[in-house]
$ cat run30.cif   # mmCIF, C-alpha atoms and all ligand atoms
data_query
loop_
_atom_site.label_atom_id
_atom_site.label_comp_id
_atom_site.auth_asym_id
_atom_site.auth_seq_id
_atom_site.Cartn_x
_atom_site.Cartn_y
_atom_site.Cartn_z
CA MET G 1 15.50 8.28 -12.55
CA GLU G 2 16.05 8.94 -8.85
CA PHE G 3 15.25 5.59 -7.26
CA ILE G 4 16.20 3.04 -9.91
CA LYS G 5 19.14 2.49 -12.22
CA VAL G 6 18.57 1.00 -15.66
CA THR G 7 21.33 -0.56 -17.76
CA GLU G 8 20.01 -1.50 -21.18
CA GLU G 9 22.65 -3.93 -22.37
CA LYS G 10 24.40 -5.17 -19.28
CA GLU G 11 24.96 -8.32 -21.31
CA PRO G 12 23.84 -8.73 -24.93
CA PHE G 13 20.03 -8.72 -24.98
CA VAL G 14 19.79 -8.51 -21.17
CA ALA G 15 18.70 -5.35 -19.34
CA LEU G 16 19.12 -4.72 -15.65
CA ILE G 17 16.87 -2.64 -13.36
CA GLU G 18 18.39 -1.96 -9.93
CA LEU G 19 16.16 -0.61 -7.15
CA ASN G 20 18.12 2.08 -5.41
CA ARG G 21 16.69 3.34 -2.08
CA PRO G 22 19.15 1.45 0.11
CA LYS G 23 18.63 3.42 3.34
CA GLU G 24 14.91 2.60 3.30
CA LEU G 25 15.60 -1.06 2.32
CA ASN G 26 14.18 -0.21 -1.12
CA ALA G 27 10.71 0.54 0.29
CA LEU G 28 8.57 0.96 -2.80
CA ASN G 29 7.25 4.51 -2.82
CA ARG G 30 5.04 5.87 -5.57
CA GLN G 31 7.86 7.50 -7.54
CA LEU G 32 10.00 4.36 -7.50
CA MET G 33 7.15 2.27 -8.88
CA GLU G 34 6.41 4.89 -11.56
CA GLU G 35 10.06 4.74 -12.57
CA VAL G 36 9.86 0.94 -12.78
CA ARG G 37 6.69 1.19 -14.88
CA ASP G 38 8.30 3.67 -17.30
CA ALA G 39 11.49 1.61 -17.56
CA LEU G 40 9.58 -1.60 -18.29
CA GLN G 41 7.51 0.10 -20.98
CA LEU G 42 10.67 1.32 -22.73
CA LEU G 43 12.54 -1.97 -22.39
CA ASP G 44 9.55 -3.89 -23.70
CA LYS G 45 9.78 -1.85 -26.94
CA ASN G 46 13.58 -2.00 -27.22
CA ASP G 47 14.74 -4.60 -29.80
CA LYS G 48 18.13 -4.87 -28.14
CA VAL G 49 16.50 -6.26 -24.99
CA ARG G 50 15.03 -9.76 -24.72
CA VAL G 51 15.15 -10.47 -20.99
CA ILE G 52 14.96 -8.11 -18.00
CA ILE G 53 16.50 -8.67 -14.56
CA ILE G 54 15.19 -6.71 -11.57
CA THR G 55 17.24 -6.62 -8.40
CA GLY G 56 17.83 -4.68 -5.18
CA ASN G 57 21.02 -5.04 -3.19
CA GLU G 58 22.47 -7.76 -0.95
CA LYS G 59 20.51 -6.58 2.11
CA ALA G 60 17.14 -5.96 0.51
CA PHE G 61 15.25 -6.65 -2.66
CA ALA G 62 12.45 -4.51 -1.19
CA ALA G 63 10.94 -4.31 2.32
CA GLY G 64 7.46 -3.54 1.00
CA ALA G 65 5.40 -0.60 -0.15
CA ASP G 66 6.39 2.61 1.63
CA ILE G 67 4.49 2.46 4.93
CA LYS G 68 5.26 6.13 5.70
CA GLN G 69 3.55 7.14 2.45
CA MET G 70 0.42 5.05 3.19
CA ALA G 71 0.05 5.42 6.97
CA ASP G 72 -2.48 8.29 7.08
CA LYS G 73 -4.53 7.41 3.98
CA SER G 74 -8.24 6.60 4.21
CA ALA G 75 -9.87 3.69 2.37
CA ILE G 76 -11.43 6.16 -0.05
CA ASP G 77 -8.05 7.92 -0.59
CA MET G 78 -6.57 4.56 -1.50
CA LEU G 79 -9.44 3.68 -3.82
CA MET G 80 -9.53 7.06 -5.58
CA ILE G 81 -5.81 7.72 -5.96
CA ASP G 82 -5.40 4.15 -7.19
CA GLN G 83 -1.70 4.78 -6.79
CA PHE G 84 -1.05 1.11 -7.23
CA SER G 85 -2.25 0.93 -10.82
CA THR G 86 1.40 1.46 -11.79
CA TRP G 87 2.01 -2.03 -10.43
CA ASP G 88 -0.19 -3.49 -13.16
CA GLN G 89 2.49 -2.67 -15.73
CA ILE G 90 4.81 -5.31 -14.32
CA ARG G 91 2.38 -8.05 -15.24
CA LYS G 92 1.69 -6.49 -18.65
CA THR G 93 5.37 -6.69 -19.66
CA LYS G 94 5.75 -9.07 -22.59
CA LYS G 95 9.43 -9.91 -22.13
CA PRO G 96 10.46 -12.33 -19.40
CA ILE G 97 11.49 -10.74 -16.10
CA ILE G 98 13.81 -12.44 -13.60
CA ALA G 99 13.84 -11.18 -10.02
CA ALA G 100 17.30 -11.54 -8.44
CA VAL G 101 16.51 -11.46 -4.73
CA SER G 102 18.88 -11.10 -1.77
CA GLY G 103 17.87 -10.09 1.74
CA PHE G 104 14.34 -8.86 2.46
CA ALA G 105 11.52 -9.42 -0.03
CA LEU G 106 8.57 -8.47 2.15
CA GLY G 107 5.01 -7.32 1.58
CA GLY G 108 4.92 -5.44 -1.71
CA GLY G 109 8.56 -6.53 -2.20
CA CYS G 110 7.58 -10.20 -2.11
CA GLU G 111 4.60 -9.45 -4.36
CA PHE G 112 6.85 -7.57 -6.77
CA ALA G 113 9.24 -10.56 -6.95
CA MET G 114 6.34 -12.98 -7.45
CA THR G 115 4.93 -10.84 -10.26
CA CYS G 116 8.20 -11.37 -12.12
CA ASP G 117 8.41 -14.62 -14.09
CA MET G 118 11.21 -16.38 -12.21
CA ILE G 119 13.12 -15.79 -8.99
CA ILE G 120 16.81 -16.42 -8.34
CA ALA G 121 17.51 -16.07 -4.61
CA SER G 122 20.65 -15.65 -2.56
CA GLU G 123 21.00 -17.76 0.59
CA SER G 124 20.17 -14.67 2.66
CA ALA G 125 16.81 -14.03 0.97
CA LYS G 126 13.78 -13.74 3.25
CA PHE G 127 10.28 -13.77 1.81
CA GLY G 128 7.14 -12.77 3.67
CA GLN G 129 3.82 -10.96 3.74
CA PRO G 130 4.02 -9.19 7.12
CA GLU G 131 1.20 -6.68 6.42
CA ILE G 132 -0.95 -8.34 9.12
CA LYS G 133 1.48 -6.96 11.72
CA ILE G 134 0.67 -3.39 10.68
CA GLY G 135 -3.09 -3.88 10.60
CA THR G 136 -3.59 -4.56 6.91
CA MET G 137 -3.21 -7.41 4.40
CA PRO G 138 -1.43 -8.08 1.11
CA GLY G 139 -2.81 -5.90 -1.71
CA ALA G 140 -0.60 -6.52 -4.75
CA GLY G 141 -1.26 -10.19 -5.39
CA GLY G 142 0.17 -11.82 -2.26
CA THR G 143 -2.99 -13.69 -1.29
CA GLN G 144 -3.30 -15.01 -4.84
CA ARG G 145 0.24 -15.62 -6.10
CA LEU G 146 1.72 -16.91 -2.85
CA THR G 147 -1.16 -19.36 -2.46
CA LYS G 148 -0.70 -20.65 -6.00
CA ALA G 149 3.08 -20.83 -5.60
CA ILE G 150 3.43 -22.56 -2.23
CA GLY G 151 -0.03 -24.00 -1.49
CA LYS G 152 -2.85 -22.92 0.80
CA ALA G 153 -1.59 -24.16 4.18
CA LYS G 154 1.80 -22.46 4.07
CA ALA G 155 0.47 -19.30 2.39
CA MET G 156 -2.24 -18.98 5.03
CA GLU G 157 0.35 -19.39 7.80
CA LEU G 158 2.65 -16.73 6.33
CA ILE G 159 -0.14 -14.24 5.59
CA LEU G 160 -1.86 -14.64 8.99
CA THR G 161 1.32 -14.60 11.10
CA GLY G 162 3.64 -12.39 9.05
CA ARG G 163 6.40 -15.01 9.47
CA PHE G 164 9.26 -15.04 6.98
CA LEU G 165 10.25 -17.88 4.65
CA SER G 166 14.00 -18.53 4.38
CA ALA G 167 15.58 -18.96 0.95
CA ALA G 168 15.89 -22.71 1.52
CA GLU G 169 12.20 -22.98 2.51
CA ALA G 170 11.19 -20.80 -0.44
CA HIS G 171 13.02 -23.23 -2.70
CA PHE G 172 11.46 -26.25 -0.98
CA TYR G 173 7.95 -24.82 -1.48
CA GLY G 174 8.59 -23.92 -5.14
CA LEU G 175 8.53 -20.14 -4.76
CA VAL G 176 12.01 -19.65 -6.22
CA ASN G 177 13.86 -21.28 -9.10
CA LYS G 178 17.26 -21.57 -7.48
CA VAL G 179 19.16 -20.57 -4.33
CA VAL G 180 22.86 -19.75 -4.51
CA PRO G 181 25.44 -18.13 -2.20
CA VAL G 182 25.12 -14.35 -1.89
CA GLU G 183 28.19 -13.64 -4.01
CA MET G 184 26.71 -15.69 -6.86
CA PHE G 185 23.09 -14.57 -7.14
CA MET G 186 23.58 -11.92 -9.83
CA GLN G 187 25.83 -14.21 -11.85
CA GLU G 188 23.18 -16.94 -11.65
CA ALA G 189 20.43 -14.52 -12.72
CA PHE G 190 22.52 -13.44 -15.72
CA ALA G 191 23.24 -17.07 -16.67
CA LEU G 192 19.50 -17.79 -16.74
CA ALA G 193 18.78 -14.53 -18.61
CA LYS G 194 21.45 -15.26 -21.23
CA GLU G 195 20.12 -18.75 -21.86
CA ILE G 196 16.58 -17.42 -22.36
CA ALA G 197 17.87 -14.51 -24.49
CA SER G 198 19.47 -17.00 -26.91
CA MET G 199 16.02 -18.35 -27.84
CA SER G 200 13.60 -16.88 -30.37
CA PRO G 201 12.21 -13.69 -28.80
CA VAL G 202 8.91 -14.30 -30.56
CA ALA G 203 8.50 -17.83 -29.20
CA THR G 204 9.67 -16.68 -25.76
CA GLN G 205 7.03 -13.97 -25.49
CA LEU G 206 4.28 -16.22 -26.78
CA ALA G 207 5.29 -19.00 -24.39
CA LYS G 208 5.38 -16.60 -21.43
CA GLU G 209 1.90 -15.38 -22.33
CA ALA G 210 0.63 -18.95 -22.56
CA VAL G 211 2.10 -20.01 -19.20
CA ASN G 212 0.51 -16.98 -17.57
CA ARG G 213 -2.80 -17.74 -19.22
CA SER G 214 -2.92 -21.03 -17.30
CA PHE G 215 -4.17 -19.17 -14.26
CA GLU G 216 -4.85 -15.62 -15.39
CA THR G 217 -8.62 -15.55 -15.71
CA GLN G 218 -8.96 -16.79 -12.16
CA LEU G 219 -6.12 -14.50 -11.09
CA ASP G 220 -7.78 -11.31 -12.42
CA GLU G 221 -10.83 -11.96 -10.29
CA GLY G 222 -8.70 -12.81 -7.24
CA LEU G 223 -6.54 -9.71 -7.60
CA ALA G 224 -9.56 -7.41 -7.85
CA PHE G 225 -11.08 -9.01 -4.75
CA GLU G 226 -7.82 -8.75 -2.81
CA ARG G 227 -7.31 -5.09 -3.78
CA LYS G 228 -10.79 -4.11 -2.53
CA ASN G 229 -10.23 -5.89 0.80
CA PHE G 230 -6.81 -4.28 1.12
CA TYR G 231 -8.38 -0.82 0.62
CA LEU G 232 -11.09 -1.76 3.14
CA THR G 233 -8.49 -2.30 5.88
CA PHE G 234 -7.73 1.43 5.54
CA ALA G 235 -11.21 2.11 6.98
CA SER G 236 -10.08 0.49 10.27
CA GLU G 237 -8.48 2.07 13.33
CA ASP G 238 -6.22 -0.98 13.46
CA GLN G 239 -4.53 -0.07 10.16
CA LYS G 240 -3.86 3.47 11.46
CA GLU G 241 -2.54 2.04 14.72
CA GLY G 242 -0.42 -0.63 12.99
CA MET G 243 1.26 1.73 10.53
CA SER G 244 1.74 4.52 13.13
CA ALA G 245 3.33 1.97 15.45
CA PHE G 246 5.78 0.96 12.70
CA VAL G 247 6.70 4.59 11.99
CA GLU G 248 7.04 5.33 15.74
CA LYS G 249 9.04 2.10 16.28
CA ARG G 250 6.72 0.62 18.95
CA ALA G 251 4.47 -2.43 19.27
CA PRO G 252 0.90 -1.93 17.96
CA ASN G 253 -2.17 -2.17 20.18
CA PHE G 254 -4.95 -3.59 17.99
CA LYS G 255 -8.56 -3.17 19.17
CA GLY G 256 -10.55 -4.82 16.40
CA LYS G 257 -12.06 -1.54 15.21
N1 LIG Q 301 8.18 1.42 4.36
C1 LIG Q 301 8.85 2.52 4.76
N2 LIG Q 301 10.04 2.48 5.36
C2 LIG Q 301 10.59 1.28 5.61
C3 LIG Q 301 9.96 0.08 5.23
C4 LIG Q 301 8.69 0.18 4.56
N3 LIG Q 301 8.02 -0.90 4.11
N4 LIG Q 301 10.74 -0.95 5.61
C5 LIG Q 301 11.83 -0.41 6.18
N5 LIG Q 301 11.75 0.93 6.18
C6 LIG Q 301 12.72 1.89 6.71
C7 LIG Q 301 12.69 1.93 8.24
O1 LIG Q 301 11.64 2.77 8.69
C8 LIG Q 301 14.04 2.48 8.55
O2 LIG Q 301 14.02 3.86 8.30
P1 LIG Q 301 14.65 4.91 9.37
O3 LIG Q 301 13.97 4.64 10.65
O4 LIG Q 301 16.11 4.56 9.38
O5 LIG Q 301 14.33 6.25 8.77
C9 LIG Q 301 14.93 1.84 7.46
O6 LIG Q 301 14.06 1.47 6.40
C10 LIG Q 301 15.67 0.60 7.93
O7 LIG Q 301 14.71 -0.29 8.50
P2 LIG Q 301 14.85 -0.92 9.98
O8 LIG Q 301 15.61 0.00 10.86
O9 LIG Q 301 13.48 -1.33 10.40
O10 LIG Q 301 15.77 -2.20 9.64
P3 LIG Q 301 15.82 -3.59 10.41
O11 LIG Q 301 16.96 -4.34 9.80
O12 LIG Q 301 15.76 -3.39 11.91
O13 LIG Q 301 14.43 -4.34 10.02
C11 LIG Q 301 12.69 -5.08 8.48
C12 LIG Q 301 14.21 -4.72 8.71
C13 LIG Q 301 12.53 -5.34 6.97
C14 LIG Q 301 12.37 -6.36 9.26
C15 LIG Q 301 11.80 -3.91 8.98
O14 LIG Q 301 12.28 -2.71 8.36
C16 LIG Q 301 10.36 -4.07 8.64
O15 LIG Q 301 9.62 -4.79 9.30
N6 LIG Q 301 9.90 -3.37 7.57
C17 LIG Q 301 8.50 -3.34 7.19
C18 LIG Q 301 8.11 -4.62 6.48
C19 LIG Q 301 6.64 -4.56 6.11
O16 LIG Q 301 5.73 -4.51 6.96
N7 LIG Q 301 6.35 -4.58 4.83
C20 LIG Q 301 5.00 -4.56 4.31
C21 LIG Q 301 4.57 -3.12 4.05
S1 LIG Q 301 2.87 -3.00 3.43
C22 LIG Q 301 -0.74 -2.74 -3.54
C23 LIG Q 301 0.63 -2.69 -3.76
C24 LIG Q 301 1.51 -2.90 -2.73
C25 LIG Q 301 1.04 -3.09 -1.45
C26 LIG Q 301 -0.29 -3.11 -1.22
C27 LIG Q 301 -1.19 -2.90 -2.26
N8 LIG Q 301 -1.69 -2.60 -4.59
C28 LIG Q 301 -1.25 -2.77 -5.96
C29 LIG Q 301 -3.10 -2.39 -4.33
C30 LIG Q 301 2.02 -3.33 -0.41
C31 LIG Q 301 1.86 -3.14 0.92
C32 LIG Q 301 3.03 -3.36 1.79
O17 LIG Q 301 4.07 -3.75 1.35
#

$ encode --input "run30.cif" --output "structure tokens"
Amino acid sequence: MEFIKVTEEKEPFVALIELNRPKELNALNRQLMEEVRDALQLLDKNDKVRVIIITGNEKAFAAGADIKQMADKSAIDMLMIDQFSTWDQIRKTKKPIIAAVSGFALGGGCEFAMTCDMIIASESAKFGQPEIKIGTMPGAGGTQRLTKAIGKAKAMELILTGRFLSAAEAHFYGLVNKVVPVEMFMQEAFALAKEIASMSPVATQLAKEAVNRSFETQLDEGLAFERKNFYLTFASEDQKEGMSAFVEKRAPNFKGK
């Protein structure tokens, strides 16, 4: 494991996955997500684990999918490689997952946190879907999950402007379970994990499945629609311009082509 660290029994029945690409603000490249997928599959089968916590570091949970890895891809590349199918594993995990978020949770990072079952945030957490600024749109559930979590008006504003939501706002809009000072966020995540881990693992998994079922049929359709539109943005010159501009550290010049 190069980009994540897994500790199986950090506390009894609680496993911890730490994203570990700090210099790139935990940008989610393909290998990192494959490591997360493999870790979740193993932890899901491990009887000594009942609850999983996923975290980054104080500065960043994750600043999105790796733009440098996507910048030159065509729409057909994106469709055919289907590199993002690894992301589907997160939502297939049967055990509850808590995201412990501090600092940036942007783009794919915000989507990753929202795919987890609960979010504990530090006061410095910043959530957002800034893909629009690099000529694309959310592709891993942002248009669907953010809208369901915080309502249409606010989700539309965030997705169309790329603005960030502070931890306090995220709490106000119901995106996160609790906000605590930075030095407390891991402790708080473990307290929640330990409480859930003391329950029947059978009932916990069945209850999680049932809560998810409340919107899943609709969600499946929405996710498929979003993914196609996300891939379609890769047929535009604007996506090439937006991502090149990010890599070259300049402002993009969008032409509507
Ligand atoms: N990708 C690659 N590198 C990134 C990155 C990213 N998303 N975010 C940050 N980095 C890198 C920077 O390039 C920089 O690297 P060096 O230049 O030092 O080599 C380093 O991390 C530190 O970043 P900054 O120097 O920019 O740090 P600042 O504190 O000044 O700014 C920032 C922090 C978070 C505001 C800024 O880094 C930023 O705007 N980052 C990009 C945020 C973003 O646009 N995220 C959305 C990416 S698109 C899908 C699955 C997933 C997705 C789509 C589909 N399917 C399942 C279909 C997801 C798409 C996205 O997430």

$ closest_atom_pairs --input "run30.cif" --of "chain G" --to "ligand LIG 301 (chain Q)" --cutoff "7 Å" --atoms "all atoms listed in the file" --output "CSV"
residue,atom,partner,partner_atom,distance
G:Lys23,CA,Q:LIG301,C9,5.8
G:Glu24,CA,Q:LIG301,O6,3.4
G:Leu25,CA,Q:LIG301,O6,5.0
G:Ala27,CA,Q:LIG301,C4,4.7
G:Ala63,CA,Q:LIG301,N4,4.7
G:Gly64,CA,Q:LIG301,O17,3.4
G:Ala65,CA,Q:LIG301,O17,3.7
G:Asp66,CA,Q:LIG301,N1,3.5
G:Ile67,CA,Q:LIG301,N1,3.9
G:Lys68,CA,Q:LIG301,C1,5.2
G:Phe84,CA,Q:LIG301,C28,4.1
G:Ser85,CA,Q:LIG301,C28,6.2
G:Trp87,CA,Q:LIG301,C28,5.6
G:Phe104,CA,Q:LIG301,C13,6.0
G:Leu106,CA,Q:LIG301,N7,5.2
G:Gly107,CA,Q:LIG301,O17,3.7
G:Gly108,CA,Q:LIG301,O17,3.6
G:Gly109,CA,Q:LIG301,O17,6.4
G:Gln129,CA,Q:LIG301,C20,6.5
G:Pro130,CA,Q:LIG301,O16,5.0
G:Glu131,CA,Q:LIG301,C20,4.8
G:Lys133,CA,Q:LIG301,O16,6.8
G:Ile134,CA,Q:LIG301,O16,6.4
G:Pro138,CA,Q:LIG301,C26,5.6
G:Gly139,CA,Q:LIG301,C27,3.5
G:Ala140,CA,Q:LIG301,C22,4.0
G:Arg227,CA,Q:LIG301,C29,5.0
G:Phe230,CA,Q:LIG301,C27,6.7
G:Val247,CA,Q:LIG301,O1,6.2

$ write_last_selection --input "run30.cif" --atoms "C-alpha atoms" --output "PDB file, in the frame of the given file"
ATOM      1  CA  LYS G  23      18.630   3.420   3.340  1.00  0.00           C
ATOM      2  CA  GLU G  24      14.910   2.600   3.300  1.00  0.00           C
ATOM      3  CA  LEU G  25      15.600  -1.060   2.320  1.00  0.00           C
ATOM      4  CA  ALA G  27      10.710   0.540   0.290  1.00  0.00           C
ATOM      5  CA  ALA G  63      10.940  -4.310   2.320  1.00  0.00           C
ATOM      6  CA  GLY G  64       7.460  -3.540   1.000  1.00  0.00           C
ATOM      7  CA  ALA G  65       5.400  -0.600  -0.150  1.00  0.00           C
ATOM      8  CA  ASP G  66       6.390   2.610   1.630  1.00  0.00           C
ATOM      9  CA  ILE G  67       4.490   2.460   4.930  1.00  0.00           C
ATOM     10  CA  LYS G  68       5.260   6.130   5.700  1.00  0.00           C
ATOM     11  CA  PHE G  84      -1.050   1.110  -7.230  1.00  0.00           C
ATOM     12  CA  SER G  85      -2.250   0.930 -10.820  1.00  0.00           C
ATOM     13  CA  TRP G  87       2.010  -2.030 -10.430  1.00  0.00           C
ATOM     14  CA  PHE G 104      14.340  -8.860   2.460  1.00  0.00           C
ATOM     15  CA  LEU G 106       8.570  -8.470   2.150  1.00  0.00           C
ATOM     16  CA  GLY G 107       5.010  -7.320   1.580  1.00  0.00           C
ATOM     17  CA  GLY G 108       4.920  -5.440  -1.710  1.00  0.00           C
ATOM     18  CA  GLY G 109       8.560  -6.530  -2.200  1.00  0.00           C
ATOM     19  CA  GLN G 129       3.820 -10.960   3.740  1.00  0.00           C
ATOM     20  CA  PRO G 130       4.020  -9.190   7.120  1.00  0.00           C
ATOM     21  CA  GLU G 131       1.200  -6.680   6.420  1.00  0.00           C
ATOM     22  CA  LYS G 133       1.480  -6.960  11.720  1.00  0.00           C
ATOM     23  CA  ILE G 134       0.670  -3.390  10.680  1.00  0.00           C
ATOM     24  CA  PRO G 138      -1.430  -8.080   1.110  1.00  0.00           C
ATOM     25  CA  GLY G 139      -2.810  -5.900  -1.710  1.00  0.00           C
ATOM     26  CA  ALA G 140      -0.600  -6.520  -4.750  1.00  0.00           C
ATOM     27  CA  ARG G 227      -7.310  -5.090  -3.780  1.00  0.00           C
ATOM     28  CA  PHE G 230      -6.810  -4.280   1.120  1.00  0.00           C
ATOM     29  CA  VAL G 247       6.700   4.590  11.990  1.00  0.00           C
TER      30      VAL G 247
END

$ closest_residue --input "run30.cif" --among "G:Ala235, G:Ile150, G:Phe254, G:Lys59" --to "G:Ala71" --atoms "only C-alpha atoms"
G:Ala235

$ atom_distance --input "run30.cif" --atom1 "atom CA of G:Ile119" --atom2 "atom CA of G:Gln187"
13.1 Å

$ closest_residue --input "run30.cif" --among "G:Ala167, G:Ile90, G:Met137, G:Ala193" --to "G:Arg50" --atoms "all atoms listed in the file"
G:Ala193

$ closest_atom_pairs --input "run30.cif" --of "stretch 30-139 of chain G" --to "stretch 199-217 of chain G" --cutoff "12 Å" --atoms "only C-alpha atoms" --output "tab-separated table"
residue	atom	partner	partner_atom	distance
G:Asp44	CA	G:Gln205	CA	10.5
G:Asn46	CA	G:Pro201	CA	11.9
G:Asp47	CA	G:Pro201	CA	9.5
G:Lys48	CA	G:Pro201	CA	10.6
G:Val49	CA	G:Pro201	CA	9.4
G:Arg50	CA	G:Pro201	CA	6.3
G:Val51	CA	G:Pro201	CA	8.9
G:Arg91	CA	G:Asn212	CA	9.4
G:Lys92	CA	G:Glu209	CA	9.6
G:Thr93	CA	G:Gln205	CA	9.5
G:Lys94	CA	G:Gln205	CA	5.8
G:Lys95	CA	G:Gln205	CA	5.8
G:Pro96	CA	G:Lys208	CA	6.9
G:Ile97	CA	G:Lys208	CA	10.0
G:Thr115	CA	G:Asn212	CA	10.5
G:Cys116	CA	G:Asn212	CA	11.0
G:Asp117	CA	G:Lys208	CA	8.2
G:Met118	CA	G:Lys208	CA	10.9

$ closest_residue --input "run30.cif" --among "G:Ala75, G:Val176, G:Leu19, G:Ala62" --to "G:Ser236" --atoms "only C-alpha atoms"
G:Ala75

$ atom_distance --input "run30.cif" --atom1 "atom CA of G:Ala189" --atom2 "atom CA of G:Gly151"
25.2 Å

$ closest_residue --input "run30.cif" --among "G:Thr233, G:Ala99, G:Thr7, G:Asp77" --to "G:Leu192" --atoms "only C-alpha atoms"
G:Ala99

$ residues_around --input "run30.cif" --residues "G:Lys5" --least-positions-apart "4" --cutoff "10 Å" --atoms "all atoms listed in the file" --output "ChimeraX atom specification"
/G:1,16-20,35-36,39

$ closest_residue --input "run30.cif" --among "G:Glu195, G:Glu248, G:Asp82, G:Asp238" --to "G:Pro12" --atoms "all atoms listed in the file"
G:Glu195

$ closest_residue --input "run30.cif" --among "G:Asn253, G:Asn229, G:Gln218, G:Gln31" --to "G:Gln144" --atoms "only C-alpha atoms"
G:Gln218

$ residues_around --input "run30.cif" --residues "G:Ile120" --least-positions-apart "2" --cutoff "8 Å" --atoms "all atoms listed in the file" --output "PyMOL selection string"
chain G and resi 98-101+118+122+176-180+185+188-189

$ atom_distance --input "run30.cif" --atom1 "atom CA of G:Phe13" --atom2 "atom CA of G:Thr55"
16.9 Å
